[in-house]
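Remarks on the structure that follows.
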Amino acid sequence: MASSEMMTSREKGRGGGGEEEENMAAWLLGIKTLKIQLYHLPPLGPNDVKVCIKALGICGSDVHHFTTMRCANFMVKKPMVIGHECAGIIQEIGSEVKSLAVGDRVALEPGISCQRCNLCRDGRYNLCPQMKFFGSPPTNGSLANKVVHPANLCFKLPENVSLEEGAMCEPLSVGVHACRRAKVGPETNVLIMGSGPIGLITLLAARAFGAPRVVIVDVDNRRLSLAQNLGADETIQVSTDVQDVGAEVEKIQNAMGSGIDVSFDCVGYNKTMSTALNATHSGGRVCLIGLALREMTVPLTPAAAREVDVIGIFRYRNTWPLCIEFLRTGKIDVKPLITHRFGFSQHEVEEAFETSAAGGNAIKVMFKL
């Protein structure tokens with residue numbers, strides 16, 4: 001063995017040896033301004049792993065940051081590495097890491113909670129006020145050659161699950177968490193408002209949880225066609241006019257053919273939430289996933305009088321193992337959602353974000369690093 005290739009058995013196991021190439025990342029510098037620049041990683045802790053990122057999807061929150069420098073209450077105030085839906089290959093492991101090895105293919109859960117507050121102790125770590133989440137200001141994201149991340153937030157992928165599918169565990173987790181919160185099962189008829197990426201993911205999750213009938217609603221016929229191809233029982237095109245809610249609710253209820261047990265609003269506008277509240281049968285549940293508006297005006301009192309429960313959704317918790325199992329068994333196929341692929345060059349990063357921001361026929365835009 002040549003001297004440059006030699007390393008001790010410990011170095012082999014820990015990924016040591018040799019000089020590393022520079023780590024580059026996509027930095028958000030201003031509105032619609034991204035630049036690939038050097039990214040110095042934090043030191044590897046004993047319970048951390050260093051991961052070479054190989055697949056990363058663009059999320060709606062990434063697009064909000066790209067186009068407005070903010071998403072909901074999170075404002076980008078200084079240059080930030082963007083991105084959080086990712087998977088890669090472990091290059092190095094910390095001294096205390098036993099569950100993973102160099103060369104393992106992993107999907108990364110992007111949020112690091114404090115593990116000390118009452119919410120974390122309660123198991124609701126997704127609500128931790130000290131959460132450090134990839135690509136959510138001020139925390140740097142993962143559209144980079146390499147990242148350092150806690151080993152317990154890296155989940156090994158089975159051989160038949162690709163790195164792209166691993167990256168899709170992040171958006172899939174939103175749908176899985178929503179279905180858990182809404183108690184979707186084999187007797188749950190589901191209405192989904194919005195057939196964008198999260199609406200379509202929620203459709204796949206609801207089916208995996210056993211929902212016998214799913215109706216999906218959108219203003220865009222192209223996206224409704226994809227929803228139909230993914231297994232929606234009925235698709236309904238609606239308007240953006242709030243005056244049409246009454247007539248559209250009747251149309252939705254007729255399409256379902258029986259009571260709507262759970263409605264998922266994957267958009268978060270006055271009209272979509274009003275439609276969901278009115279369409280859901282008495283005693284049902286409305287799950288708000290989409291957070292397009294900070295405040296809404298909706299008919300809450302009539303819904304409360306019918307004991308329609310409103311359930312909030314914020315990210316996810318403890319979802320990666322189930323998502324990976326759904327993908328491994330083929331119970332969920334996320335591949336049709338990946339509509340565009342780009343490499344990791346300055347031009348391609350800019351084009352990818354412009355493509356995702358433009359909407360149109362773009363569902364999930366994926367980087368292959």
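Residue numbering restarts at 1 for every chain of the structure tokens, chains are lettered A, B, ... in their displayed order, and ligands are numbered from 1 as they appear.
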Exercise for review: Excluding Val184 of chain A and any residue of its chain fewer than 6 positions from it, enumerate the residues within 12 Å of it, using only C-alpha atoms, and give them as a list in words.
Suggested key: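 Returned residues: Gly175, Val176, His177, Ala178, Val190, Leu191, Thr202, Leu203, Ala205, Ala206, Arg207, Ala208, Phe209, Gly210, Ala211, Pro212, Arg213, Val214, Ile260, Asp261, Val262, Ser263, Phe264, Gly284, Arg285, Val286 and Cys287 of chain A.
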Check your understanding: Can you tell me, as a PyMOL selection string, what residues are no more than 9 Å from segment 88-91 of chain A when counting only C-alpha atoms, ignoring any on the same chain fewer than 3 positions away?
Key -> chain A and resi 14-16+49-56+100-108+146+163+166-167
Review point. Of the candidates A:Ile201, A:Ala182, A:Cys59, A:Ala255, which one gets nearest to Val365 of chain A if we count only C-alpha atoms?
Key: A:Cys59
Which residues of segment 130-207 of chain A come within 10 Å of segment 323-331 of chain A, and for each one, what is the closest pair of atoms and their distance in Å to one decimal, counting only C-alpha atoms, sorted by chain and residue number, as a Markdown table?
| residue | atom | partner | partner_atom | distance |
| --- | --- | --- | --- | --- |
| A:Phe155 | CA | A:Ile324 | CA | 8.5 |
| A:Lys156 | CA | A:Ile324 | CA | 8.9 |
| A:Leu157 | CA | A:Ile324 | CA | 7.1 |
| A:Pro158 | CA | A:Arg328 | CA | 6.8 |
| A:Glu159 | CA | A:Arg328 | CA | 8.6 |
| A:Asn160 | CA | A:Arg328 | CA | 6.4 |
| A:Val161 | CA | A:Arg328 | CA | 6.0 |
| A:Ser162 | CA | A:Leu327 | CA | 9.4 |
| A:Glu165 | CA | A:Leu327 | CA | 7.6 |
| A:Gly166 | CA | A:Ile324 | CA | 7.4 |
| A:Met168 | CA | A:Cys323 | CA | 9.0 |
| A:Cys169 | CA | A:Cys323 | CA | 5.9 |
| A:Glu170 | CA | A:Cys323 | CA | 8.7 |
| A:Pro171 | CA | A:Cys323 | CA | 9.9 |
| A:Leu172 | CA | A:Cys323 | CA | 6.8 |
| A:Ser173 | CA | A:Cys323 | CA | 6.6 |
| A:Gly175 | CA | A:Cys323 | CA | 9.7 |
| A:Val176 | CA | A:Cys323 | CA | 7.5 |
| A:Leu204 | CA | A:Lys331 | CA | 8.8 |
| A:Ala205 | CA | A:Phe326 | CA | 9.0 |
| A:Arg207 | CA | A:Lys331 | CA | 8.7 |
Practice item. Report the distance between atom CA of Asn361 of chain A and atom CA of Asn189 of chain A in Å, rounded to one decimal place. Key: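 About the pair atom CA of Asn361 of chain A and atom CA of Asn189 of chain A: they are 27.8 Å apart.
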Review point. Expressed in Å to a single decimal, how great is the separation between atom CA of Arg116 of chain A and atom CA of Leu291 of chain A?
Key: 27.5 Å
Check your understanding: DSSP says strand (DSSP E or B) for which residues of segment 61-287 of chain A? Put them as a ChimeraX atom specification?
Key -> /A:70-71,74-75,80-81,85-93,105-108,111-112,132-133,144,146-150,154-156,189-193,213-218,234-237,262-265,285-287
Exercise for review: Could you give me the residues within segment 223-315 of chain A that DSSP places in helix (DSSP H, G or I), as a PyMOL selection string?
Suggested key: chain A and resi 223-229+242-256+270-279+300-305
**Study point:** Two-atom distance - atom CA of Ile338 of chain A, atom CA of Pro197 of chain A (Å)
**Key:** 9.6 Å
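Distances from A:Leu44, A:Ile216, A:Cys120, A:Leu127 to Glu96 of chain A were compared using only C-alpha atoms, and the smallest one belongs to A:Leu44.
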Practice item. Would you list the contacts of segment 292-307 of chain A as a ChimeraX atom specification, taking every protein, DNA or RNA residue within 10 Å and counting only C-alpha atoms, but skipping same-chain residues closer than 4 positions in sequence? Key: /A:71-73,266-286
Emit the selected residues as a short mmCIF file (atom, residue, chain, number, x, y, z; two decimals), in the first residue's frame, including N, CA and C atoms.
data_model
loop_
_atom_site.label_atom_id
_atom_site.label_comp_id
_atom_site.auth_asym_id
_atom_site.auth_seq_id
_atom_site.Cartn_x
_atom_site.Cartn_y
_atom_site.Cartn_z
N CYS A 71 -39.35 33.75 6.37
CA CYS A 71 -40.41 32.76 6.29
C CYS A 71 -41.14 32.79 7.63
N ALA A 72 -42.41 33.21 7.60
CA ALA A 72 -43.18 33.41 8.83
C ALA A 72 -42.41 34.38 9.74
N ASN A 73 -42.10 33.96 10.96
CA ASN A 73 -41.40 34.85 11.89
C ASN A 73 -39.88 34.76 11.81
N CYS A 266 -53.28 22.43 3.33
CA CYS A 266 -51.84 22.46 3.03
C CYS A 266 -51.44 23.77 2.37
N VAL A 267 -52.31 24.78 2.48
CA VAL A 267 -52.05 26.09 1.89
C VAL A 267 -51.98 27.15 2.99
N GLY A 268 -53.11 27.37 3.66
CA GLY A 268 -53.12 28.32 4.77
C GLY A 268 -53.62 29.70 4.41
N TYR A 269 -54.63 29.77 3.54
CA TYR A 269 -55.29 31.04 3.21
C TYR A 269 -56.67 31.07 3.84
N ASN A 270 -57.26 32.27 3.90
CA ASN A 270 -58.62 32.41 4.45
C ASN A 270 -59.58 31.45 3.75
N LYS A 271 -59.50 31.40 2.42
CA LYS A 271 -60.46 30.59 1.66
C LYS A 271 -60.25 29.10 1.88
N THR A 272 -58.99 28.65 1.87
CA THR A 272 -58.75 27.21 2.03
C THR A 272 -59.17 26.74 3.42
N MET A 273 -58.88 27.54 4.44
CA MET A 273 -59.24 27.14 5.79
C MET A 273 -60.75 27.23 6.00
N SER A 274 -61.39 28.24 5.41
CA SER A 274 -62.86 28.36 5.51
C SER A 274 -63.53 27.17 4.83
N THR A 275 -63.01 26.78 3.68
CA THR A 275 -63.55 25.61 2.98
C THR A 275 -63.40 24.35 3.82
N ALA A 276 -62.21 24.15 4.39
CA ALA A 276 -61.98 22.96 5.22
C ALA A 276 -62.91 22.91 6.42
N LEU A 277 -63.06 24.04 7.10
CA LEU A 277 -63.92 24.09 8.29
C LEU A 277 -65.37 23.79 7.95
N ASN A 278 -65.83 24.32 6.81
CA ASN A 278 -67.23 24.12 6.43
C ASN A 278 -67.49 22.73 5.86
N ALA A 279 -66.48 22.16 5.18
CA ALA A 279 -66.68 20.86 4.53
C ALA A 279 -66.61 19.69 5.50
N THR A 280 -65.84 19.83 6.57
CA THR A 280 -65.64 18.73 7.52
C THR A 280 -66.90 18.48 8.33
N HIS A 281 -67.24 17.20 8.50
CA HIS A 281 -68.49 16.90 9.21
C HIS A 281 -68.36 17.19 10.71
N SER A 282 -69.49 17.31 11.36
CA SER A 282 -69.51 17.60 12.80
C SER A 282 -68.73 16.54 13.55
N GLY A 283 -67.88 17.01 14.48
CA GLY A 283 -67.05 16.09 15.25
C GLY A 283 -65.77 15.71 14.53
N GLY A 284 -65.53 16.26 13.34
CA GLY A 284 -64.33 15.93 12.58
C GLY A 284 -63.14 16.79 12.98
N ARG A 285 -62.07 16.70 12.19
CA ARG A 285 -60.83 17.40 12.51
C ARG A 285 -60.30 18.13 11.29
N VAL A 286 -59.85 19.36 11.52
CA VAL A 286 -59.20 20.14 10.47
C VAL A 286 -57.76 20.38 10.90
#
Tell me, counting only C-alpha atoms, for each residue of segment 119-217 of chain A within 10 Å of segment 33-39 of chain A, which pair of atoms is nearest and how far apart they are in Å to one decimal, in rows ordered by chain and increasing number, as a Markdown table.
| residue | atom | partner | partner_atom | distance |
| --- | --- | --- | --- | --- |
| A:Asn140 | CA | A:Tyr39 | CA | 9.6 |
| A:Leu143 | CA | A:Ile36 | CA | 9.5 |
| A:Ala144 | CA | A:Tyr39 | CA | 7.8 |
| A:Asn145 | CA | A:Tyr39 | CA | 9.0 |
| A:Lys146 | CA | A:Tyr39 | CA | 8.9 |
| A:Val147 | CA | A:Tyr39 | CA | 9.3 |
Could you save the residues just selected, with C-alpha atoms, as a short mmCIF file (atom, residue, chain, number, x, y, z; two decimals), in the first residue's frame?
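Contents of the output file part27.cif:
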data_model
loop_
_atom_site.label_atom_id
_atom_site.label_comp_id
_atom_site.auth_asym_id
_atom_site.auth_seq_id
_atom_site.Cartn_x
_atom_site.Cartn_y
_atom_site.Cartn_z
CA ASN A 140 -26.76 27.46 8.55
CA LEU A 143 -26.75 22.76 0.70
CA ALA A 144 -23.04 22.12 1.00
CA ASN A 145 -20.45 19.51 0.14
CA LYS A 146 -20.30 18.46 3.80
CA VAL A 147 -22.03 19.10 7.11
#
Practice item. Considering only C-alpha atoms, return as number ranges by chain whatever protein or nucleic-acid residues lie within 10 Å of Arg223 of chain A, sequence-local ones (same chain, fewer than 2 positions apart) excluded. Key: A: 194-197, 199-200, 217-221, 225-229, 235, 237, 360-363
Selected residues written out with N, CA, C and O atoms, as a CSV table (one decimal), in the first residue's frame:
chain,number,residue,atom,x,y,z
A,194,GLY,N,-55.1,21.9,-1.5
A,194,GLY,CA,-53.8,22.2,-2.1
A,194,GLY,C,-53.1,21.0,-2.6
A,194,GLY,O,-52.9,20.0,-1.8
A,195,SER,N,-52.7,21.0,-3.8
A,195,SER,CA,-51.9,19.8,-4.4
A,195,SER,C,-50.5,20.2,-4.8
A,195,SER,O,-50.0,19.8,-5.8
A,196,GLY,N,-49.9,21.1,-4.0
A,196,GLY,CA,-48.5,21.4,-4.1
A,196,GLY,C,-47.7,20.3,-3.5
A,196,GLY,O,-48.2,19.2,-3.1
A,197,PRO,N,-46.4,20.5,-3.3
A,197,PRO,CA,-45.6,19.4,-2.7
A,197,PRO,C,-46.1,18.8,-1.4
A,197,PRO,O,-46.1,17.5,-1.3
A,199,GLY,N,-49.2,19.0,-0.1
A,199,GLY,CA,-50.5,18.4,-0.3
A,199,GLY,C,-50.3,17.0,-0.9
A,199,GLY,O,-51.0,16.1,-0.5
A,200,LEU,N,-49.5,16.9,-1.9
A,200,LEU,CA,-49.3,15.6,-2.6
A,200,LEU,C,-48.6,14.6,-1.6
A,200,LEU,O,-48.9,13.4,-1.6
A,217,VAL,N,-58.1,19.2,-3.6
A,217,VAL,CA,-58.7,20.4,-4.2
A,217,VAL,C,-57.5,21.3,-4.5
A,217,VAL,O,-56.6,21.5,-3.7
A,218,ASP,N,-57.6,22.0,-5.6
A,218,ASP,CA,-56.6,23.0,-6.0
A,218,ASP,C,-57.1,23.9,-7.1
A,218,ASP,O,-58.2,23.7,-7.7
A,219,VAL,N,-56.4,25.0,-7.3
A,219,VAL,CA,-56.8,26.0,-8.4
A,219,VAL,C,-56.1,25.6,-9.7
A,219,VAL,O,-56.5,26.1,-10.7
A,220,ASP,N,-55.1,24.7,-9.6
A,220,ASP,CA,-54.3,24.4,-10.8
A,220,ASP,C,-54.6,23.0,-11.3
A,220,ASP,O,-54.3,22.0,-10.6
A,221,ASN,N,-55.1,22.9,-12.5
A,221,ASN,CA,-55.4,21.6,-13.0
A,221,ASN,C,-54.2,20.7,-13.3
A,221,ASN,O,-54.4,19.5,-13.2
A,225,SER,N,-53.9,16.9,-11.9
A,225,SER,CA,-53.7,15.7,-12.7
A,225,SER,C,-52.6,14.8,-12.1
A,225,SER,O,-52.7,13.6,-12.0
A,226,LEU,N,-51.6,15.4,-11.5
A,226,LEU,CA,-50.6,14.6,-10.8
A,226,LEU,C,-51.2,14.0,-9.6
A,226,LEU,O,-50.9,12.8,-9.3
A,227,ALA,N,-52.0,14.7,-8.8
A,227,ALA,CA,-52.7,14.1,-7.7
A,227,ALA,C,-53.5,12.9,-8.1
A,227,ALA,O,-53.5,11.9,-7.3
A,228,GLN,N,-54.2,13.0,-9.2
A,228,GLN,CA,-55.0,11.8,-9.7
A,228,GLN,C,-54.0,10.6,-10.0
A,228,GLN,O,-54.4,9.5,-9.6
A,229,ASN,N,-52.9,10.9,-10.6
A,229,ASN,CA,-52.0,9.9,-10.9
A,229,ASN,C,-51.4,9.2,-9.7
A,229,ASN,O,-51.0,8.1,-9.7
A,235,THR,N,-60.6,14.7,-7.8
A,235,THR,CA,-59.9,16.0,-7.8
A,235,THR,C,-60.9,17.1,-8.2
A,235,THR,O,-61.7,16.8,-9.1
A,237,GLN,N,-61.2,21.2,-9.1
A,237,GLN,CA,-60.6,22.5,-9.3
A,237,GLN,C,-61.5,23.6,-8.8
A,237,GLN,O,-62.7,23.6,-9.0
A,360,GLY,N,-45.3,26.5,-11.5
A,360,GLY,CA,-45.6,25.8,-12.7
A,360,GLY,C,-45.7,24.3,-12.5
A,360,GLY,O,-46.3,23.8,-11.6
A,361,ASN,N,-44.9,23.6,-13.4
A,361,ASN,CA,-44.9,22.1,-13.2
A,361,ASN,C,-43.8,21.6,-12.3
A,361,ASN,O,-43.6,20.4,-12.2
A,362,ALA,N,-43.1,22.5,-11.6
A,362,ALA,CA,-42.1,22.1,-10.7
A,362,ALA,C,-42.8,21.6,-9.3
A,362,ALA,O,-43.5,22.4,-8.7
A,363,ILE,N,-42.5,20.4,-8.9
A,363,ILE,CA,-43.0,20.0,-7.6
A,363,ILE,C,-41.8,19.9,-6.7
A,363,ILE,O,-41.7,20.8,-5.8
Point to revise | Long-range neighbours of Gln130 of chain A as a count of residues only, 9 Å cut-off, only C-alpha atoms, 6 positions minimum in chain | key: 4
